[in-house]
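Only one structure is covered here, and it is reproduced in the block below.
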Number of protein chains: 2
Amino acid sequence: MPWNFNSNTPIYIQIIEQIKLSIAVGEYKAGDKLLSVRELAAEAEVNPNTMQKALSELERDGLLYTQRTSGRFITSDTGKISALRKQLANEQVENFILKMQMLGYSSEEAAEMLKNH
Amino acid sequence: MPWNFNSNTPIYIQIIEQIKLSIAVGEYKAGDKLLSVRELAAEAEVNPNTMQKALSELERDGLLYTQRTSGRFITSDTGKISALRKQLANEQVENFILKMQMLGYSSEEAAEMLKNH
DNA sequence: ATCATTGTATTATGTGAATAGTACAAGCGG
DNA sequence: CCGCTTGTACTATTCACATAATACAATGAT
């Protein structure tokens, strides 16, 4: 994974979003074991505490679960995963329409711009 | 103006974006005089320094200009303003397509989801 | 001429994010 | 049993953002 960050959003938020995306599109599969906090932190060139914070939050969402001393795993609930993908897509659609409306474009005009991408 | 902020992005960045939007859609018109830094800060319930920082940046973009002791004004370059609107719209389109692709949706599927909004 | 308002600058303080370093209990493999 | 790896917790420090409180030169209005 590339682990690219920008500076205007807290890193742990960006980590959450990137992992969510990886789960949603199946880069991480249901039941997969994650690398350890320390390994992931090293890979992302980030402090272990920061990675830990992101993972904890993903766990509260039920996308991960922890087995105390053996590691962290992706949820086995495939329904939850496909729901996540649809939810993320819907958020993008809603957000796009909203922003285009704020810019004074109708849904039809927005769709037209999409075609001519 | 509402001046709504969220907590995951620096306030001065959000101010910049909101003012850009207001200029792009003509809420602020070319040549308009802005309220003073202090007034804008009070309106947005933000520290004058924070508002100042945002306005300075907009000035570097050439969207505002300052007359030393009389106030700040929107650029009179209407071409720049309409270019801004198109640029912001394009950014939304590009971003939308990119995000949907990352989620595994083709441009056609994305367009389809738009229709069924 | 005086005064209020303009943008701008400076210093101090508080807060959250991120880093660095360390520590510990729990379990798995040898 | 021993040692390594797991997640987790804690303290200390740095940094950017934001606030607070002033200060000042320039100018337009009175």
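Naming scheme: A, B, ... for chains in displayed order of the structure tokens; residues 1 onward per chain; ligands 1 onward as shown.
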Practice item. Please return, as a PyMOL selection string, all residues of chain A lying within 9 Å of chain C when only C-alpha atoms (C1' of nucleotides) are considered. Key: chain A and resi 10-12+46-47+49-50+68-70
**Study point:** Interface, chain A side, toward chain B (6 Å; only C-alpha atoms) as number ranges by chain
**Key:** A: 8-9, 25, 103
Now that the selection is made, can you save its residues with C-alpha atoms as a PDB file, in the first residue's frame?
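To be explicit, this is the file written out as part_21.pdb:
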ATOM      1  CA  ASN A   8      -4.683  19.320   6.061  1.00  0.00           C
ATOM      2  CA  THR A   9      -6.317  16.341   7.738  1.00  0.00           C
ATOM      3  CA  VAL A  25     -12.732  -3.006  -2.331  1.00  0.00           C
ATOM      4  CA  LEU A 103     -21.440  25.713  -7.515  1.00  0.00           C
TER       5      LEU A 103
END
Give me the residues of chain D that have any atom at most 12 Å from an atom of chain A; for each, the nearest atom pair and the distance in Å, rounded to one decimal. Use only C-alpha atoms (C1' of nucleotides), sort by chain and number, and format it as JSON lines.
{"residue": "D:DC4", "atom": "C1'", "partner": "A:Thr69", "partner_atom": "CA", "distance": 11.6}
{"residue": "D:DT5", "atom": "C1'", "partner": "A:Thr69", "partner_atom": "CA", "distance": 7.8}
{"residue": "D:DT6", "atom": "C1'", "partner": "A:Thr69", "partner_atom": "CA", "distance": 3.8}
{"residue": "D:DG7", "atom": "C1'", "partner": "A:Arg68", "partner_atom": "CA", "distance": 6.0}
{"residue": "D:DT8", "atom": "C1'", "partner": "A:Gln52", "partner_atom": "CA", "distance": 9.0}
{"residue": "D:DA9", "atom": "C1'", "partner": "A:Asn49", "partner_atom": "CA", "distance": 10.3}
{"residue": "D:DC10", "atom": "C1'", "partner": "A:Asn49", "partner_atom": "CA", "distance": 11.4}
{"residue": "D:DA16", "atom": "C1'", "partner": "A:Ser7", "partner_atom": "CA", "distance": 10.5}
{"residue": "D:DC17", "atom": "C1'", "partner": "A:Asn8", "partner_atom": "CA", "distance": 11.0}
Exercise for review: Write out as a PyMOL selection string all residues of region 24-67 of chain A that backbone DSSP assigns to alpha helix (DSSP H).
Suggested key: chain A and resi 24+37-44+48-60
Practice item. From a DSSP calculation on the backbone, collect every residue of chain B in strand (DSSP E) and output the set as JSON, numbers by chain. Key: {"B": [64, 65, 66, 67, 71, 72, 73, 74]}
Would you save the residues from that selection as a JSON list (two decimals), in the first residue's frame, using N, CA and C atoms?
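Saved as selection20.json:
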[["chain", "number", "residue", "atom", "x", "y", "z"],
["B", 64, "LEU", "N", -8.62, 38.47, -4.11],
["B", 64, "LEU", "CA", -8.89, 39.70, -3.37],
["B", 64, "LEU", "C", -7.72, 40.66, -3.57],
["B", 65, "TYR", "N", -7.97, 41.92, -3.30],
["B", 65, "TYR", "CA", -6.86, 42.85, -3.21],
["B", 65, "TYR", "C", -7.15, 43.83, -2.09],
["B", 66, "THR", "N", -6.10, 44.40, -1.54],
["B", 66, "THR", "CA", -6.23, 45.27, -0.38],
["B", 66, "THR", "C", -5.91, 46.71, -0.75],
["B", 67, "GLN", "N", -6.73, 47.64, -0.24],
["B", 67, "GLN", "CA", -6.33, 49.04, -0.27],
["B", 67, "GLN", "C", -6.05, 49.44, 1.17],
["B", 71, "GLY", "N", -9.81, 49.08, 3.04],
["B", 71, "GLY", "CA", -10.50, 47.79, 3.09],
["B", 71, "GLY", "C", -10.04, 46.80, 2.03],
["B", 72, "ARG", "N", -10.75, 45.70, 1.95],
["B", 72, "ARG", "CA", -10.40, 44.64, 1.01],
["B", 72, "ARG", "C", -11.52, 44.47, 0.00],
["B", 73, "PHE", "N", -11.18, 44.15, -1.22],
["B", 73, "PHE", "CA", -12.16, 44.07, -2.29],
["B", 73, "PHE", "C", -11.99, 42.80, -3.10],
["B", 74, "ILE", "N", -13.09, 42.35, -3.66],
["B", 74, "ILE", "CA", -13.05, 41.23, -4.60],
["B", 74, "ILE", "C", -12.39, 41.69, -5.88]]
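In this structure, CA of Pro2 (chain A) sits 7.9 Å away from CA of Ala44 (chain A).
Here C1' of DC15 (chain D) and CA of Ile15 (chain B) stand 22.1 Å from one another.
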